[in-house]
Amino acid sequence: MSEFGLTGGIGSGKSTVGELLSAHGAAIIDANAIVRVLQAPGEPVFEEMVKQWGDRIVMADGTLDRAAVAEIAFGDEDELERLNDIVHPAVGEEMARRRKEAVSDGVPIVLDIPLLVRPGDKELAEHYQGLAGIIVVDVDPDVALARLIEHRGFSQEDAMARMVNQATRQERLNHTDFTIDNNGDLEALRGQVERCWAWMQEIITA
């Protein structure tokens, strides 16, 4: 069974690519979706975050105030490191569990990980060294910024703060085995994903 990494910067359309690959039959293990589950009220990650930052990160209904967390973490490197220390180990454990489950299903596995390529062009984490290939969803940073503001309601300041804390476009491209260009419309993206799926099948059957 082959595992592929899927990554791209915020606003790249990576989640849409994951959905399209899922429609082809891939098992998508989405790190962001796992984070949302682990940050639900009552979960150990949620409790540890509240212990660290208090009720200012909790909304009136008891759920996590993600905007408040972003304001704290993306404006301060030390706070971002504290957040990562709480969240990342738990996400890694849950991803490992889901990877084992997906193997038994006998379908291609795609690990959807925004931070697969880390800032500073660091080497991939050891447990991702054996991937069959890395798929990078590539988009011009100005296009990504516009999408975040127009479609996801980010302020320009917030969007740029998040982008600057991720790997650069070139750092991601330094690790790519297959690049999906998402500077166009959805129909163009579908064609790119079709070609990516064919490439994945070639690797799996080689």
# chains A, B, ... in the order shown; residues from 1 in each chain; ligands from 1

call {"tool": "residues_around", "arguments": {"residues": "Pro41 of chain A", "least_positions_apart": "5", "cutoff": "7 Å", "atoms": "only C-alpha atoms", "output": "MDAnalysis selection string"}}
result
chainID A and resid 46 62:63

call {"tool": "residues_around", "arguments": {"residues": "Ala70 of chain A", "least_positions_apart": "4", "cutoff": "9 Å", "atoms": "only C-alpha atoms", "output": "count of residues only"}}
result
7

call {"tool": "atom_distance", "arguments": {"atom1": "atom CA of His175 of chain A", "atom2": "atom CA of Val143 of chain A"}}
result
21.4 Å

call {"tool": "residues_around", "arguments": {"residues": "Gln170 of chain A", "least_positions_apart": "4", "cutoff": "12 Å", "atoms": "only C-alpha atoms", "output": "ChimeraX atom specification"}}
result
/A:8-9,117-121,136-141,166,174-176,179

call {"tool": "write_last_selection", "arguments": {"atoms": "C-alpha atoms", "output": "JSON list (two decimals), in the first residue's frame"}}
result
[["chain", "number", "residue", "atom", "x", "y", "z"],
["A", 8, "GLY", "CA", -0.08, 23.43, 0.24],
["A", 9, "GLY", "CA", -0.22, 26.82, 1.87],
["A", 117, "VAL", "CA", 6.96, 20.99, 4.61],
["A", 118, "ARG", "CA", 8.09, 23.16, 7.48],
["A", 119, "PRO", "CA", 9.38, 26.74, 7.42],
["A", 120, "GLY", "CA", 13.08, 27.08, 6.82],
["A", 121, "ASP", "CA", 13.09, 24.19, 4.32],
["A", 136, "VAL", "CA", 2.00, 20.10, -3.61],
["A", 137, "VAL", "CA", -0.99, 22.30, -4.38],
["A", 138, "ASP", "CA", 0.69, 25.40, -5.74],
["A", 139, "VAL", "CA", -0.83, 28.86, -6.01],
["A", 140, "ASP", "CA", 0.52, 32.37, -6.33],
["A", 141, "PRO", "CA", 0.61, 33.93, -2.82],
["A", 166, "GLN", "CA", 4.14, 28.56, 6.97],
["A", 174, "ASN", "CA", 11.61, 22.00, -3.29],
["A", 175, "HIS", "CA", 9.94, 18.82, -1.98],
["A", 176, "THR", "CA", 7.30, 18.20, -4.63],
["A", 179, "THR", "CA", 2.60, 19.78, -8.49]]

call {"tool": "select_by_dssp", "arguments": {"residues": "segment 81-205 of chain A", "states": "strand (DSSP E or B)", "output": "list of chain:residue names"}}
result
A:Ile109, A:Val110, A:Leu111, A:Asp112, A:Gly133, A:Ile134, A:Ile135, A:Val136, A:Val137, A:Asp138, A:Phe178, A:Thr179, A:Ile180, A:Asp181

call {"tool": "write_last_selection", "arguments": {"atoms": "C-alpha atoms", "output": "PDB file, in the first residue's frame"}}
result
ATOM      1  CA  ILE A 109      -3.787   6.755   1.328  1.00  0.00           C
ATOM      2  CA  VAL A 110      -3.320  10.517   1.130  1.00  0.00           C
ATOM      3  CA  LEU A 111      -2.020  12.337   4.189  1.00  0.00           C
ATOM      4  CA  ASP A 112      -3.384  15.889   4.001  1.00  0.00           C
ATOM      5  CA  GLY A 133       5.318  10.852  -3.293  1.00  0.00           C
ATOM      6  CA  ILE A 134       4.534  14.380  -2.188  1.00  0.00           C
ATOM      7  CA  ILE A 135       1.768  16.325  -3.906  1.00  0.00           C
ATOM      8  CA  VAL A 136       1.997  20.102  -3.606  1.00  0.00           C
ATOM      9  CA  VAL A 137      -0.992  22.304  -4.385  1.00  0.00           C
ATOM     10  CA  ASP A 138       0.694  25.400  -5.742  1.00  0.00           C
ATOM     11  CA  PHE A 178       3.729  16.157  -8.352  1.00  0.00           C
ATOM     12  CA  THR A 179       2.605  19.776  -8.493  1.00  0.00           C
ATOM     13  CA  ILE A 180      -1.040  20.740  -8.865  1.00  0.00           C
ATOM     14  CA  ASP A 181      -1.402  24.276 -10.210  1.00  0.00           C
TER      15      ASP A 181
END

call {"tool": "select_by_dssp", "arguments": {"residues": "segment 59-170 of chain A", "states": "helix (DSSP H, G or I)", "output": "NGL selection string"}}
result
:A and (66-73 or 77-105 or 126-128 or 141-152 or 156-164 or 169-170)

call {"tool": "atom_distance", "arguments": {"atom1": "atom CA of Asn182 of chain A", "atom2": "atom CA of Met160 of chain A"}}
result
19.1 Å

call {"tool": "residues_around", "arguments": {"residues": "Ala33 of chain A", "least_positions_apart": "2", "cutoff": "12 Å", "atoms": "only C-alpha atoms", "output": "PyMOL selection string"}}
result
chain A and resi 15+18+28-31+35-40+91+94-95+111-114

call {"tool": "atom_distance", "arguments": {"atom1": "atom CA of Leu115 of chain A", "atom2": "atom CA of Trp197 of chain A"}}
result
22.0 Å

call {"tool": "closest_residue", "arguments": {"among": "A:His24, A:Glu3, A:Glu47, A:Gly11", "to": "Cys196 of chain A", "atoms": "only C-alpha atoms"}}
result
A:His24

call {"tool": "residues_around", "arguments": {"residues": "Gly153 of chain A", "least_positions_apart": "6", "cutoff": "12 Å", "atoms": "only C-alpha atoms", "output": "MDAnalysis selection string"}}
result
chainID A and resid 11 67 145:147 159

call {"tool": "decode", "arguments": {"residues": "segment 45-133 of chain A", "atoms": "C-alpha atoms", "output": "CSV table (one decimal), in the first residue's frame"}}
result
chain,number,residue,atom,x,y,z
A,45,VAL,CA,-6.0,18.9,23.8
A,46,PHE,CA,-8.8,21.4,24.5
A,47,GLU,CA,-8.3,21.1,28.2
A,48,GLU,CA,-4.6,21.7,27.9
A,49,MET,CA,-5.1,24.7,25.7
A,50,VAL,CA,-7.6,26.2,28.2
A,51,LYS,CA,-5.1,25.5,31.0
A,52,GLN,CA,-2.5,27.4,29.1
A,53,TRP,CA,-4.5,30.4,27.9
A,54,GLY,CA,-7.6,30.5,30.1
A,55,ASP,CA,-11.2,31.3,29.2
A,56,ARG,CA,-10.2,34.0,26.7
A,57,ILE,CA,-10.0,31.2,24.1
A,58,VAL,CA,-13.4,29.8,25.0
A,59,MET,CA,-16.6,31.0,23.3
A,60,ALA,CA,-19.9,31.6,25.2
A,61,ASP,CA,-21.1,28.2,24.1
A,62,GLY,CA,-18.1,26.4,25.5
A,63,THR,CA,-16.3,25.7,22.2
A,64,LEU,CA,-12.9,26.8,21.2
A,65,ASP,CA,-12.6,30.4,20.0
A,66,ARG,CA,-10.3,29.7,17.0
A,67,ALA,CA,-10.0,33.4,16.2
A,68,ALA,CA,-8.7,34.1,19.7
A,69,VAL,CA,-6.2,31.3,19.5
A,70,ALA,CA,-5.0,32.6,16.1
A,71,GLU,CA,-4.6,36.1,17.5
A,72,ILE,CA,-2.4,34.7,20.3
A,73,ALA,CA,-0.4,32.2,18.4
A,74,PHE,CA,0.2,33.8,15.0
A,75,GLY,CA,1.5,37.1,16.5
A,76,ASP,CA,4.1,35.5,18.9
A,77,GLU,CA,6.6,32.8,18.0
A,78,ASP,CA,6.8,31.6,21.6
A,79,GLU,CA,3.1,31.2,21.9
A,80,LEU,CA,2.9,29.4,18.5
A,81,GLU,CA,5.6,27.0,19.8
A,82,ARG,CA,3.5,26.4,22.9
A,83,LEU,CA,0.4,25.7,20.8
A,84,ASN,CA,2.3,23.3,18.5
A,85,ASP,CA,3.8,21.5,21.5
A,86,ILE,CA,0.2,20.8,22.8
A,87,VAL,CA,-1.4,20.0,19.4
A,88,HIS,CA,1.1,18.3,17.2
A,89,PRO,CA,2.0,15.2,19.3
A,90,ALA,CA,-1.7,14.3,19.7
A,91,VAL,CA,-2.4,14.9,16.0
A,92,GLY,CA,0.6,12.6,15.1
A,93,GLU,CA,-0.8,9.8,17.3
A,94,GLU,CA,-4.3,10.0,15.8
A,95,MET,CA,-2.9,10.2,12.3
A,96,ALA,CA,-0.8,7.0,12.9
A,97,ARG,CA,-4.0,5.3,14.2
A,98,ARG,CA,-6.0,6.3,11.1
A,99,ARG,CA,-3.2,5.2,8.8
A,100,LYS,CA,-3.3,1.7,10.2
A,101,GLU,CA,-7.0,1.6,9.7
A,102,ALA,CA,-6.8,2.8,6.1
A,103,VAL,CA,-4.1,0.2,5.2
A,104,SER,CA,-6.7,-2.5,6.0
A,105,ASP,CA,-9.1,-1.0,3.5
A,106,GLY,CA,-6.7,-1.6,0.6
A,107,VAL,CA,-7.0,1.9,-1.0
A,108,PRO,CA,-4.4,4.6,-1.7
A,109,ILE,CA,-3.8,6.8,1.3
A,110,VAL,CA,-3.3,10.5,1.1
A,111,LEU,CA,-2.0,12.3,4.2
A,112,ASP,CA,-3.4,15.9,4.0
A,113,ILE,CA,-0.9,17.8,6.1
A,114,PRO,CA,-0.5,21.6,5.8
A,115,LEU,CA,2.8,21.6,7.7
A,116,LEU,CA,4.3,18.6,5.9
A,117,VAL,CA,7.0,21.0,4.6
A,118,ARG,CA,8.1,23.2,7.5
A,119,PRO,CA,9.4,26.7,7.4
A,120,GLY,CA,13.1,27.1,6.8
A,121,ASP,CA,13.1,24.2,4.3
A,122,LYS,CA,13.8,21.7,7.1
A,123,GLU,CA,13.8,18.0,6.3
A,124,LEU,CA,10.5,16.2,6.5
A,125,ALA,CA,9.8,14.5,9.9
A,126,GLU,CA,11.2,11.0,10.0
A,127,HIS,CA,7.8,9.3,10.0
A,128,TYR,CA,7.0,10.9,6.6
A,129,GLN,CA,10.3,10.1,4.9
A,130,GLY,CA,8.9,6.9,3.4
A,131,LEU,CA,6.0,8.4,1.4
A,132,ALA,CA,5.6,7.2,-2.2
A,133,GLY,CA,5.3,10.9,-3.3
